file protein.tsv (TSV, C-alpha atoms)
chain	number	residue	atom	x	y	z
A	1	MET	CA	7.71	18.09	-12.52
A	2	THR	CA	11.15	17.97	-14.13
A	3	ASP	CA	12.18	15.49	-16.81
A	4	GLU	CA	14.53	13.88	-14.30
A	5	GLU	CA	11.73	13.38	-11.79
A	6	MET	CA	9.48	11.91	-14.47
A	7	GLU	CA	12.17	9.42	-15.43
A	8	LEU	CA	12.51	8.33	-11.81
A	9	TYR	CA	8.76	7.82	-11.50
A	10	LEU	CA	8.67	5.85	-14.75
A	11	GLU	CA	11.59	3.63	-13.81
A	12	ALA	CA	10.16	2.98	-10.35
A	13	GLY	CA	6.87	2.05	-11.98
A	14	LYS	CA	8.56	-0.34	-14.37
A	15	ILE	CA	10.32	-2.11	-11.50
A	16	ALA	CA	7.15	-2.23	-9.40
A	17	LYS	CA	5.05	-3.71	-12.20
A	18	LYS	CA	7.54	-6.51	-12.83
A	19	ILE	CA	7.96	-7.45	-9.18
A	20	LEU	CA	4.24	-7.24	-8.39
A	21	ASN	CA	3.45	-9.66	-11.20
A	22	GLU	CA	6.21	-12.04	-10.13
A	23	GLY	CA	5.01	-11.85	-6.54
A	24	ALA	CA	1.46	-12.63	-7.61
A	25	GLY	CA	2.75	-15.72	-9.37
A	26	MET	CA	4.12	-17.02	-6.06
A	27	VAL	CA	0.72	-16.81	-4.33
A	28	LYS	CA	-0.46	-20.42	-4.48
A	29	VAL	CA	-2.36	-22.73	-2.16
A	30	GLY	CA	0.07	-23.97	0.48
A	31	ALA	CA	2.75	-21.34	-0.19
A	32	PRO	CA	4.12	-19.61	2.93
A	33	VAL	CA	3.12	-15.97	3.36
A	34	LEU	CA	6.57	-15.10	4.72
A	35	ASP	CA	8.34	-16.52	1.67
A	36	VAL	CA	6.29	-14.43	-0.75
A	37	VAL	CA	6.81	-11.23	1.24
A	38	GLU	CA	10.54	-11.65	1.75
A	39	THR	CA	11.14	-12.74	-1.85
A	40	ALA	CA	9.27	-9.74	-3.29
A	41	GLU	CA	10.99	-7.28	-0.95
A	42	GLY	CA	14.34	-8.86	-1.82
A	43	MET	CA	13.67	-8.36	-5.52
A	44	ILE	CA	13.06	-4.65	-4.93
A	45	LEU	CA	16.41	-4.29	-3.18
A	46	ASP	CA	18.16	-6.41	-5.84
A	47	SER	CA	16.83	-4.01	-8.50
A	48	GLY	CA	18.74	-1.16	-6.87
A	49	ALA	CA	15.57	0.53	-5.61
A	50	GLU	CA	14.26	1.07	-2.09
A	51	ILE	CA	11.23	-0.58	-0.50
A	52	ALA	CA	8.77	2.30	-0.24
A	53	PHE	CA	6.74	0.37	2.35
A	54	PRO	CA	6.61	-3.26	3.52
A	55	LEU	CA	4.81	-5.50	1.05
A	56	ASN	CA	1.16	-5.46	2.09
A	57	LEU	CA	-0.29	-8.93	1.78
A	58	SER	CA	-3.86	-8.93	3.10
A	59	ARG	CA	-6.31	-11.80	2.79
A	60	ASN	CA	-10.08	-12.17	2.52
A	61	GLU	CA	-11.91	-9.58	4.70
A	62	ASP	CA	-8.57	-7.94	5.56
A	63	ALA	CA	-8.25	-5.07	3.09
A	64	ALA	CA	-4.89	-3.47	3.85
A	65	HIS	CA	-1.84	-3.05	6.09
A	66	ASP	CA	-1.08	-6.71	6.76
A	67	THR	CA	2.37	-8.11	6.11
A	68	ALA	CA	4.34	-11.09	7.31
A	69	SER	CA	5.59	-11.11	10.87
A	70	ALA	CA	8.96	-12.51	11.94
A	71	GLY	CA	8.63	-16.29	11.92
A	72	ASP	CA	5.18	-16.09	10.30
A	73	GLU	CA	3.80	-19.62	9.79
A	74	ARG	CA	0.69	-18.71	7.77
A	75	VAL	CA	0.15	-20.32	4.37
A	76	PHE	CA	-2.30	-19.52	1.60
A	77	ALA	CA	-5.46	-21.63	1.53
A	78	MET	CA	-7.95	-22.62	-1.15
A	79	GLY	CA	-10.58	-19.90	-1.45
A	80	ASP	CA	-8.35	-17.08	-0.24
A	81	LEU	CA	-8.57	-13.66	-1.90
A	82	VAL	CA	-5.12	-12.11	-1.55
A	83	LYS	CA	-4.25	-8.44	-2.02
A	84	LEU	CA	-0.61	-7.61	-2.86
A	85	ASP	CA	0.19	-3.92	-2.45
A	86	LEU	CA	3.80	-3.03	-3.32
A	87	GLY	CA	5.85	0.16	-3.23
A	88	VAL	CA	9.13	0.95	-4.97
A	89	ALA	CA	11.14	4.14	-4.46
A	90	LEU	CA	13.94	5.61	-6.56
A	91	GLU	CA	15.49	8.69	-4.97
A	92	GLY	CA	12.23	8.97	-3.07
A	93	ARG	CA	9.98	8.91	-6.15
A	94	ILE	CA	7.42	6.21	-5.43
A	95	ALA	CA	5.52	3.69	-7.50
A	96	ASP	CA	2.56	2.27	-5.56
A	97	THR	CA	0.65	-0.58	-7.19
A	98	ALA	CA	-1.60	-3.44	-6.15
A	99	LEU	CA	-3.57	-6.37	-7.47
A	100	SER	CA	-5.72	-9.19	-6.12
A	101	VAL	CA	-4.98	-12.90	-6.52
A	102	ASP	CA	-8.02	-15.19	-6.51
A	103	LEU	CA	-7.43	-18.65	-5.03
A	104	GLY	CA	-10.97	-19.71	-5.66
A	105	GLY	CA	-14.37	-18.24	-6.47
A	106	HIS	CA	-13.86	-14.48	-6.48
A	107	GLU	CA	-13.51	-13.69	-10.17
A	108	ALA	CA	-16.34	-11.12	-10.29
A	109	LEU	CA	-15.12	-9.28	-7.21
A	110	VAL	CA	-11.57	-9.05	-8.57
A	111	ALA	CA	-12.91	-7.79	-11.88
A	112	ALA	CA	-14.94	-5.10	-10.11
A	113	SER	CA	-11.98	-3.33	-8.51
A	114	ARG	CA	-9.93	-3.68	-11.69
A	115	ALA	CA	-12.70	-2.23	-13.87
A	116	ALA	CA	-13.26	0.62	-11.41
A	117	LEU	CA	-9.56	1.48	-11.62
A	118	ASP	CA	-9.66	1.52	-15.42
A	119	ARG	CA	-12.74	3.74	-15.41
A	120	ALA	CA	-11.10	6.15	-12.97
A	121	ILE	CA	-7.88	6.35	-14.98
A	122	ALA	CA	-9.84	7.22	-18.10
A	123	LEU	CA	-11.11	10.38	-16.35
A	124	VAL	CA	-7.76	11.70	-15.14
A	125	ARG	CA	-6.68	15.03	-16.61
A	126	PRO	CA	-6.16	18.57	-15.30
A	127	GLY	CA	-9.37	20.14	-14.03
A	128	VAL	CA	-11.11	16.90	-13.05
A	129	THR	CA	-12.05	16.68	-9.37
A	130	THR	CA	-11.33	13.77	-7.08
A	131	GLY	CA	-15.05	13.73	-6.32
A	132	GLU	CA	-15.75	12.87	-9.96
A	133	ILE	CA	-13.21	10.04	-9.81
A	134	GLY	CA	-14.80	8.68	-6.64
A	135	ALA	CA	-18.24	8.74	-8.24
A	136	ALA	CA	-16.95	6.75	-11.21
A	137	VAL	CA	-15.35	4.16	-8.93
A	138	GLN	CA	-18.53	3.84	-6.89
A	139	ALA	CA	-20.76	3.50	-9.96
A	140	GLU	CA	-18.58	0.79	-11.50
A	141	ILE	CA	-18.36	-1.31	-8.34
A	142	GLU	CA	-22.01	-0.95	-7.35
A	143	GLY	CA	-23.07	-1.68	-10.93
A	144	ARG	CA	-21.42	-5.07	-10.55
A	145	GLY	CA	-23.28	-5.89	-7.35
A	146	PHE	CA	-20.63	-5.03	-4.76
A	147	LEU	CA	-19.81	-2.10	-2.49
A	148	PRO	CA	-16.81	0.22	-2.62
A	149	VAL	CA	-14.90	0.56	0.65
A	150	ALA	CA	-15.87	4.12	1.55
A	151	ASN	CA	-13.22	4.77	4.19
A	152	LEU	CA	-10.23	3.69	2.11
A	153	THR	CA	-8.90	6.13	-0.47
A	154	GLY	CA	-6.25	6.77	-3.05
A	155	HIS	CA	-3.72	9.50	-2.37
A	156	GLY	CA	-1.07	11.81	-3.65
A	157	LEU	CA	2.61	10.89	-3.70
A	158	ALA	CA	5.61	13.08	-2.94
A	159	PRO	CA	9.34	12.42	-2.50
A	160	TYR	CA	9.72	9.88	0.34
A	161	SER	CA	6.04	10.36	1.26
A	162	ILE	CA	3.51	7.66	0.47
A	163	HIS	CA	0.36	9.54	1.54
A	164	THR	CA	-0.04	13.21	0.62
A	165	ASP	CA	-2.78	15.40	-0.81
A	166	PRO	CA	-4.94	14.98	-2.75
A	167	THR	CA	-7.13	12.28	-1.23
A	168	VAL	CA	-8.84	10.25	-3.99
A	169	PRO	CA	-12.09	8.78	-2.65
A	170	ASN	CA	-13.72	5.52	-3.73
A	171	VAL	CA	-17.21	7.03	-3.46
A	172	GLY	CA	-18.72	10.15	-4.94
A	173	ILE	CA	-18.31	13.35	-2.95
A	174	ALA	CA	-19.21	16.96	-3.64
A	175	GLY	CA	-16.23	18.77	-5.08
A	176	GLY	CA	-12.92	17.42	-3.91
A	177	ALA	CA	-9.44	18.43	-4.97
A	178	VAL	CA	-8.87	19.57	-8.54
A	179	LEU	CA	-6.22	17.60	-10.42
A	180	GLU	CA	-3.30	19.60	-11.77
A	181	GLU	CA	-0.60	18.86	-14.29
A	182	GLY	CA	2.45	17.31	-12.63
A	183	MET	CA	0.60	15.68	-9.73
A	184	ALA	CA	1.64	12.13	-8.81
A	185	ILE	CA	-1.33	10.15	-7.49
A	186	ALA	CA	-2.25	6.59	-6.66
A	187	ILE	CA	-5.81	5.46	-7.37
A	188	GLU	CA	-6.84	2.28	-5.53
A	189	PRO	CA	-10.44	1.06	-5.65
A	190	PHE	CA	-11.47	-1.56	-3.08
A	191	ALA	CA	-14.59	-3.65	-3.77
A	192	THR	CA	-16.21	-5.71	-1.03
A	193	THR	CA	-18.95	-8.24	-0.36
A	194	GLY	CA	-19.20	-6.85	3.17
A	195	SER	CA	-20.28	-3.58	4.77
A	196	GLY	CA	-18.29	-1.13	2.67
A	197	ARG	CA	-16.32	0.13	5.66
A	198	VAL	CA	-13.19	-1.18	7.34
A	199	CYS	CA	-12.19	-1.23	11.00
A	200	ASP	CA	-8.92	-1.69	12.88
A	201	ARG	CA	-7.66	-5.07	14.01
A	202	SER	CA	-5.33	-5.36	16.98
A	203	ARG	CA	-2.62	-6.74	14.69
A	204	ILE	CA	0.03	-4.13	13.80
A	205	GLU	CA	3.08	-5.07	11.73
A	206	ILE	CA	3.76	-1.81	9.84
A	207	TYR	CA	5.03	1.40	11.43
A	208	GLN	CA	6.19	4.84	10.33
A	209	GLN	CA	8.41	7.40	12.01
A	210	LEU	CA	6.56	10.71	12.31
A	211	ALA	CA	8.83	12.82	14.50
A	212	VAL	CA	12.31	13.13	15.94
A	213	LYS	CA	12.40	13.20	19.74
A	214	PRO	CA	14.90	11.98	22.31
A	215	THR	CA	14.27	8.58	23.92
A	216	ARG	CA	15.96	6.98	26.91
A	217	LEU	CA	15.35	3.34	26.00
A	218	PRO	CA	18.39	1.74	24.31
A	219	SER	CA	16.08	-0.62	22.38
A	220	ALA	CA	14.07	2.34	21.07
A	221	LYS	CA	17.26	4.14	20.08
A	222	ARG	CA	18.30	1.04	18.11
A	223	ILE	CA	15.03	1.08	16.19
A	224	LEU	CA	15.32	4.77	15.31
A	225	GLU	CA	18.90	4.27	14.20
A	226	GLN	CA	17.87	1.38	11.96
A	227	VAL	CA	15.02	3.27	10.26
A	228	ARG	CA	16.75	6.66	9.97
A	229	ASP	CA	17.77	6.15	6.34
A	230	ARG	CA	14.14	5.48	5.36
A	231	ARG	CA	13.44	9.22	5.69
A	232	GLY	CA	9.95	8.65	7.01
A	233	MET	CA	8.88	5.80	4.72
A	234	PRO	CA	7.05	2.98	6.55
A	235	PHE	CA	8.89	-0.03	7.93
A	236	SER	CA	8.07	-3.53	9.14
A	237	ARG	CA	8.34	-4.86	12.66
A	238	ARG	CA	9.92	-7.89	10.96
A	239	TRP	CA	12.93	-5.81	9.85
A	240	LEU	CA	13.85	-4.77	13.40
A	241	PRO	CA	16.03	-6.36	16.09
A	242	GLN	CA	13.58	-8.58	17.95
A	243	ASP	CA	15.10	-8.10	21.41
A	244	LYS	CA	12.71	-6.01	23.59
A	245	ILE	CA	10.88	-4.89	20.45
A	246	GLU	CA	7.43	-4.67	22.07
A	247	ILE	CA	8.60	-2.36	24.82
A	248	ALA	CA	10.53	-0.19	22.38
A	249	LEU	CA	7.73	0.18	19.83
A	250	SER	CA	5.13	0.86	22.52
A	251	ALA	CA	7.29	3.63	23.96
A	252	LEU	CA	7.86	5.19	20.54
A	253	VAL	CA	4.15	5.06	19.70
A	254	ARG	CA	3.14	6.60	23.05
A	255	SER	CA	5.58	9.47	22.57
A	256	GLY	CA	4.28	10.21	19.07
A	257	VAL	CA	7.60	9.40	17.40
A	258	VAL	CA	6.23	6.36	15.59
A	259	TYR	CA	2.76	5.48	14.30
A	260	GLY	CA	1.49	1.92	13.95
A	261	TYR	CA	-0.84	0.94	11.07
A	262	PRO	CA	-3.45	-1.60	12.22
A	263	VAL	CA	-4.62	-4.22	9.75
A	264	LEU	CA	-7.90	-2.94	8.28
A	265	HIS	CA	-10.77	-5.39	7.87
A	266	ASP	CA	-14.38	-5.56	6.76
A	267	VAL	CA	-16.92	-7.81	8.52
A	268	PRO	CA	-15.89	-11.44	9.17
A	269	GLY	CA	-16.69	-13.76	6.31
A	270	SER	CA	-16.62	-11.02	3.68
A	271	PHE	CA	-14.09	-10.61	0.89
A	272	VAL	CA	-12.32	-7.48	-0.35
A	273	SER	CA	-10.50	-6.97	-3.66
A	274	GLN	CA	-8.08	-4.18	-4.56
A	275	ALA	CA	-6.49	-2.76	-7.70
A	276	GLU	CA	-4.05	0.15	-7.82
A	277	HIS	CA	-1.86	2.13	-10.19
A	278	THR	CA	0.35	5.19	-9.87
A	279	LEU	CA	-0.29	8.03	-12.33
A	280	ILE	CA	1.32	11.32	-13.31
A	281	VAL	CA	-1.21	13.94	-14.43
A	282	THR	CA	-0.15	15.43	-17.78
A	283	ALA	CA	-1.43	18.35	-19.85
A	284	ASP	CA	-3.81	16.14	-21.85
A	285	GLY	CA	-4.45	13.20	-19.52
A	286	CYS	CA	-2.08	11.04	-17.52
A	287	VAL	CA	0.80	8.60	-17.68
A	288	VAL	CA	0.26	5.35	-15.77
A	289	THR	CA	3.70	4.47	-14.44
A	290	THR	CA	2.84	0.99	-13.13
A	291	ARG	CA	0.86	-0.45	-16.06

call {"tool": "encode", "arguments": {"input": "protein.tsv", "output": "structure tokens"}}
result
Amino acid sequence: MTDEEMELYLEAGKIAKKILNEGAGMVKVGAPVLDVVETAEGMILDSGAEIAFPLNLSRNEDAAHDTASAGDERVFAMGDLVKLDLGVALEGRIADTALSVDLGGHEALVAASRAALDRAIALVRPGVTTGEIGAAVQAEIEGRGFLPVANLTGHGLAPYSIHTDPTVPNVGIAGGAVLEEGMAIAIEPFATTGSGRVCDRSRIEIYQQLAVKPTRLPSAKRILEQVRDRRGMPFSRRWLPQDKIEIALSALVRSGVVYGYPVLHDVPGSFVSQAEHTLIVTADGCVVTTR
């Protein structure tokens, strides 16, 4: 990694940390979900950076991939456990960070994912395997009486790409990828009171362009034109022209041009917490860009 790339990662991390904390401060009982999402995304753009992916704002048993819809009327309620997952990009170099906001009664669960993240970060250096990191995350969360979400993972980061190798599990596995100096990775433990596995909801608000293919639908062409400058980074249904949007997105998904990310949830009535930082692996450890 060049010095210039490192500076971009560090600056993106600085911006992401500030906006994530300000966004968390807006999560209050009675506050509109849409206001928080649009305000946080606006702050990213006002900083001169790009939105690496729509602000994920997932509540209670929903672990990831939810965001506000156009005209969203949801508000935060007493007892909610809210995950904010935010991405900032500078010339494609991404800072990915998340925290959980407790609106009543989930202090231990929030602390579990945060402590697991700290324990994982302490291990990061060249030569350590992702399996070792997953084992540390699992031990910390289970030692506090909860379960890690086994089918959600951390990931590598690359220019304009939010999910690359290596995969960083939240449970112990044999072997795994070996960390190398210069890698950019995001570690994101999820702790749950539920089953420890998430499933897809029917709700999809976040999409990503995967391929370039011709399409005959004018509405689909409008979508591809609008997201072209994102260079493959995810986008929100809310950002798009709403005219004939369902037909257009369905056609693009069926043709393999676009992928939709379903909201991921644990069992009804459970609660999931999340904590996440972006790290650059260095010769003697790591730099946490978002802390």

call {"tool": "residues_around", "arguments": {"input": "protein.tsv", "residues": "Trp239 (chain A)", "least_positions_apart": "4", "cutoff": "9 Å", "atoms": "only C-alpha atoms", "output": "list of chain:residue names"}}
result
A:Ala70, A:Gln226, A:Phe235

call {"tool": "atom_distance", "arguments": {"input": "protein.tsv", "atom1": "CA of Arg114 (chain A)", "atom2": "CA of Ala275 (chain A)"}}
result
5.3 Å

call {"tool": "residues_around", "arguments": {"input": "protein.tsv", "residues": "Gln274 (chain A)", "least_positions_apart": "5", "cutoff": "8 Å", "atoms": "only C-alpha atoms", "output": "list of chain:residue names"}}
result
A:Ala63, A:Lys83, A:Ala98, A:Leu99, A:Ser100, A:Val110, A:Ser113, A:Arg114, A:Glu188, A:Pro189, A:Phe190, A:Ala191

call {"tool": "residues_around", "arguments": {"input": "protein.tsv", "residues": "Val27 (chain A)", "least_positions_apart": "2", "cutoff": "12 Å", "atoms": "all atoms listed in the file", "output": "PyMOL selection string"}}
result
chain A and resi 20-25+29-37+39-40+57-59+75-78+80-84+99-103

call {"tool": "closest_residue", "arguments": {"input": "protein.tsv", "among": "A:Phe53, A:Phe146, A:Tyr9, A:Tyr259", "to": "Ala158 (chain A)", "atoms": "all atoms listed in the file"}}
result
A:Tyr9

call {"tool": "residues_around", "arguments": {"input": "protein.tsv", "residues": "Met233 (chain A)", "least_positions_apart": "2", "cutoff": "9 Å", "atoms": "all atoms listed in the file", "output": "JSON list (two decimals) with C-alpha atoms, in the coordinates of the input"}}
result
[["chain", "number", "residue", "atom", "x", "y", "z"],
["A", 51, "ILE", "CA", 11.23, -0.58, -0.50],
["A", 52, "ALA", "CA", 8.77, 2.30, -0.24],
["A", 53, "PHE", "CA", 6.74, 0.37, 2.35],
["A", 160, "TYR", "CA", 9.72, 9.88, 0.34],
["A", 161, "SER", "CA", 6.04, 10.36, 1.26],
["A", 162, "ILE", "CA", 3.51, 7.66, 0.47],
["A", 207, "TYR", "CA", 5.03, 1.40, 11.43],
["A", 208, "GLN", "CA", 6.19, 4.84, 10.33],
["A", 209, "GLN", "CA", 8.41, 7.40, 12.01],
["A", 227, "VAL", "CA", 15.02, 3.27, 10.26],
["A", 230, "ARG", "CA", 14.14, 5.48, 5.36],
["A", 231, "ARG", "CA", 13.44, 9.22, 5.69],
["A", 235, "PHE", "CA", 8.89, -0.03, 7.93]]

call {"tool": "closest_residue", "arguments": {"input": "protein.tsv", "among": "A:Pro214, A:Gly154, A:Pro169, A:Pro159", "to": "Ala135 (chain A)", "atoms": "all atoms listed in the file"}}
result
A:Pro169

call {"tool": "residues_around", "arguments": {"input": "protein.tsv", "residues": "Leu249 (chain A)", "least_positions_apart": "6", "cutoff": "10 Å", "atoms": "only C-alpha atoms", "output": "compact mmCIF listing (two decimals) with C-alpha atoms, keeping the file's coordinate frame"}}
result
# COMPACT_ATOMS: atom_id res chain seq x y z
CA TYR A 207 5.03 1.40 11.43
CA SER A 219 16.08 -0.62 22.38
CA ALA A 220 14.07 2.34 21.07
CA ILE A 223 15.03 1.08 16.19
CA LEU A 224 15.32 4.77 15.31
CA ARG A 237 8.34 -4.86 12.66
CA SER A 255 5.58 9.47 22.57
CA VAL A 257 7.60 9.40 17.40
CA VAL A 258 6.23 6.36 15.59
CA TYR A 259 2.76 5.48 14.30
CA GLY A 260 1.49 1.92 13.95

call {"tool": "residues_near_point", "arguments": {"input": "protein.tsv", "point": "(-10.2, 8.7, -1.2)", "cutoff": "9 Å", "atoms": "only C-alpha atoms", "output": "mmCIF file with C-alpha atoms, in the coordinates of the input"}}
result
data_model
loop_
_atom_site.group_PDB
_atom_site.id
_atom_site.type_symbol
_atom_site.label_atom_id
_atom_site.label_comp_id
_atom_site.auth_asym_id
_atom_site.auth_seq_id
_atom_site.Cartn_x
_atom_site.Cartn_y
_atom_site.Cartn_z
ATOM 1 C CA THR A 130 -11.330 13.770 -7.080
ATOM 2 C CA GLY A 131 -15.050 13.730 -6.320
ATOM 3 C CA GLY A 134 -14.800 8.680 -6.640
ATOM 4 C CA ALA A 150 -15.870 4.120 1.550
ATOM 5 C CA ASN A 151 -13.220 4.770 4.190
ATOM 6 C CA LEU A 152 -10.230 3.690 2.110
ATOM 7 C CA THR A 153 -8.900 6.130 -0.470
ATOM 8 C CA GLY A 154 -6.250 6.770 -3.050
ATOM 9 C CA HIS A 155 -3.720 9.500 -2.370
ATOM 10 C CA PRO A 166 -4.940 14.980 -2.750
ATOM 11 C CA THR A 167 -7.130 12.280 -1.230
ATOM 12 C CA VAL A 168 -8.840 10.250 -3.990
ATOM 13 C CA PRO A 169 -12.090 8.780 -2.650
ATOM 14 C CA ASN A 170 -13.720 5.520 -3.730
ATOM 15 C CA VAL A 171 -17.210 7.030 -3.460
ATOM 16 C CA ILE A 187 -5.810 5.460 -7.370
ATOM 17 C CA GLU A 188 -6.840 2.280 -5.530
ATOM 18 C CA PRO A 189 -10.440 1.060 -5.650
#

call {"tool": "closest_residue", "arguments": {"input": "protein.tsv", "among": "A:Ile133, A:Val263, A:Ala122, A:Ile280", "to": "Ser202 (chain A)", "atoms": "only C-alpha atoms"}}
result
A:Val263

call {"tool": "closest_residue", "arguments": {"input": "protein.tsv", "among": "A:Ala120, A:Met6, A:Leu210, A:Val178", "to": "Ile94 (chain A)", "atoms": "only C-alpha atoms"}}
result
A:Met6

call {"tool": "atom_distance", "arguments": {"input": "protein.tsv", "atom1": "CA of Gly79 (chain A)", "atom2": "CA of Val267 (chain A)"}}
result
16.9 Å

call {"tool": "atom_distance", "arguments": {"input": "protein.tsv", "atom1": "CA of Glu181 (chain A)", "atom2": "CA of Ile15 (chain A)"}}
result
23.8 Å

call {"tool": "closest_residue", "arguments": {"input": "protein.tsv", "among": "A:Ala116, A:Ala68, A:Leu217, A:Ala95", "to": "His163 (chain A)", "atoms": "all atoms listed in the file"}}
result
A:Ala95

call {"tool": "closest_residue", "arguments": {"input": "protein.tsv", "among": "A:Gly13, A:Gly105, A:Gly143, A:Gly194", "to": "Arg93 (chain A)", "atoms": "only C-alpha atoms"}}
result
A:Gly13
